[in-house]
Amino acid sequence: MNFDDQDWEEGEPSSRDLRARSTAWKVAAGVAAGIVLGGMLAVAFDRYATQRARSEGVQSFEQTVRGTDPAVEREPRESPRQLADQVDAGVLRDQQAQQLGAEQQRAADASQRAALEQAKRKAEASQRAVQHAAERKDRDWARFYTKPAHCDDNPSKATMVECANHFIRAKRQFEEMHAAGKR
């Protein structure tokens, strides 16, 4: 662009700026339209799925009440009162079964709680045994290892290496003896 450009003299934006602005609005409008369309499709699909699930639920309920035998479907349908009586009888049987099941469930829960408590006690006992074994091993190590006198004070670098090697050799020897059951 130079000072001789016609757009500059008239004080209007260049044609390139106008195209860029119009493109931005087109993109924004397209995105907005896509969001609205996607939302509408999602709502429509949700309503379709809900309606289909309801109709399948009604059909499965009717098949349960009538039975799945095709011969039963040829028989005349029962009245709503008869269906209600059958449902009430089924609810009563379900309640009785639930009471019996609740008693059995309580007994099963009690035995499960007892088994869990016993397993917990065993785990705690084994954990205590492991802890006691570790403490005993630490006491045995303290009795076994004595630090050389020249390692107590601020040793030189060479002495420090020698002390570290002494410690490592003693620890290996102790571990071997401990594994063999001698300590």
# chains A, B, ... in the order shown; residues from 1 in each chain; ligands from 1
>>> residues_around(residues="region 137-141 of chain A", least_positions_apart="3", cutoff="12 Å", atoms="only C-alpha atoms", output="list in words")
Val130, Gln131, His132, Ala133, Ala134, Phe144, Tyr145, Thr146, Lys147, Phe167, Ala170, Lys171, Arg172, Gln173, Phe174, Glu175, Met177, His178, Ala179, Gly181, Lys182 and Arg183 of chain A
>>> atom_distance(atom1="CA of Ala129 (chain A)", atom2="CA of Ala114 (chain A)")
22.4 Å
>>> atom_distance(atom1="CA of Asn165 (chain A)", atom2="CA of His150 (chain A)")
13.5 Å
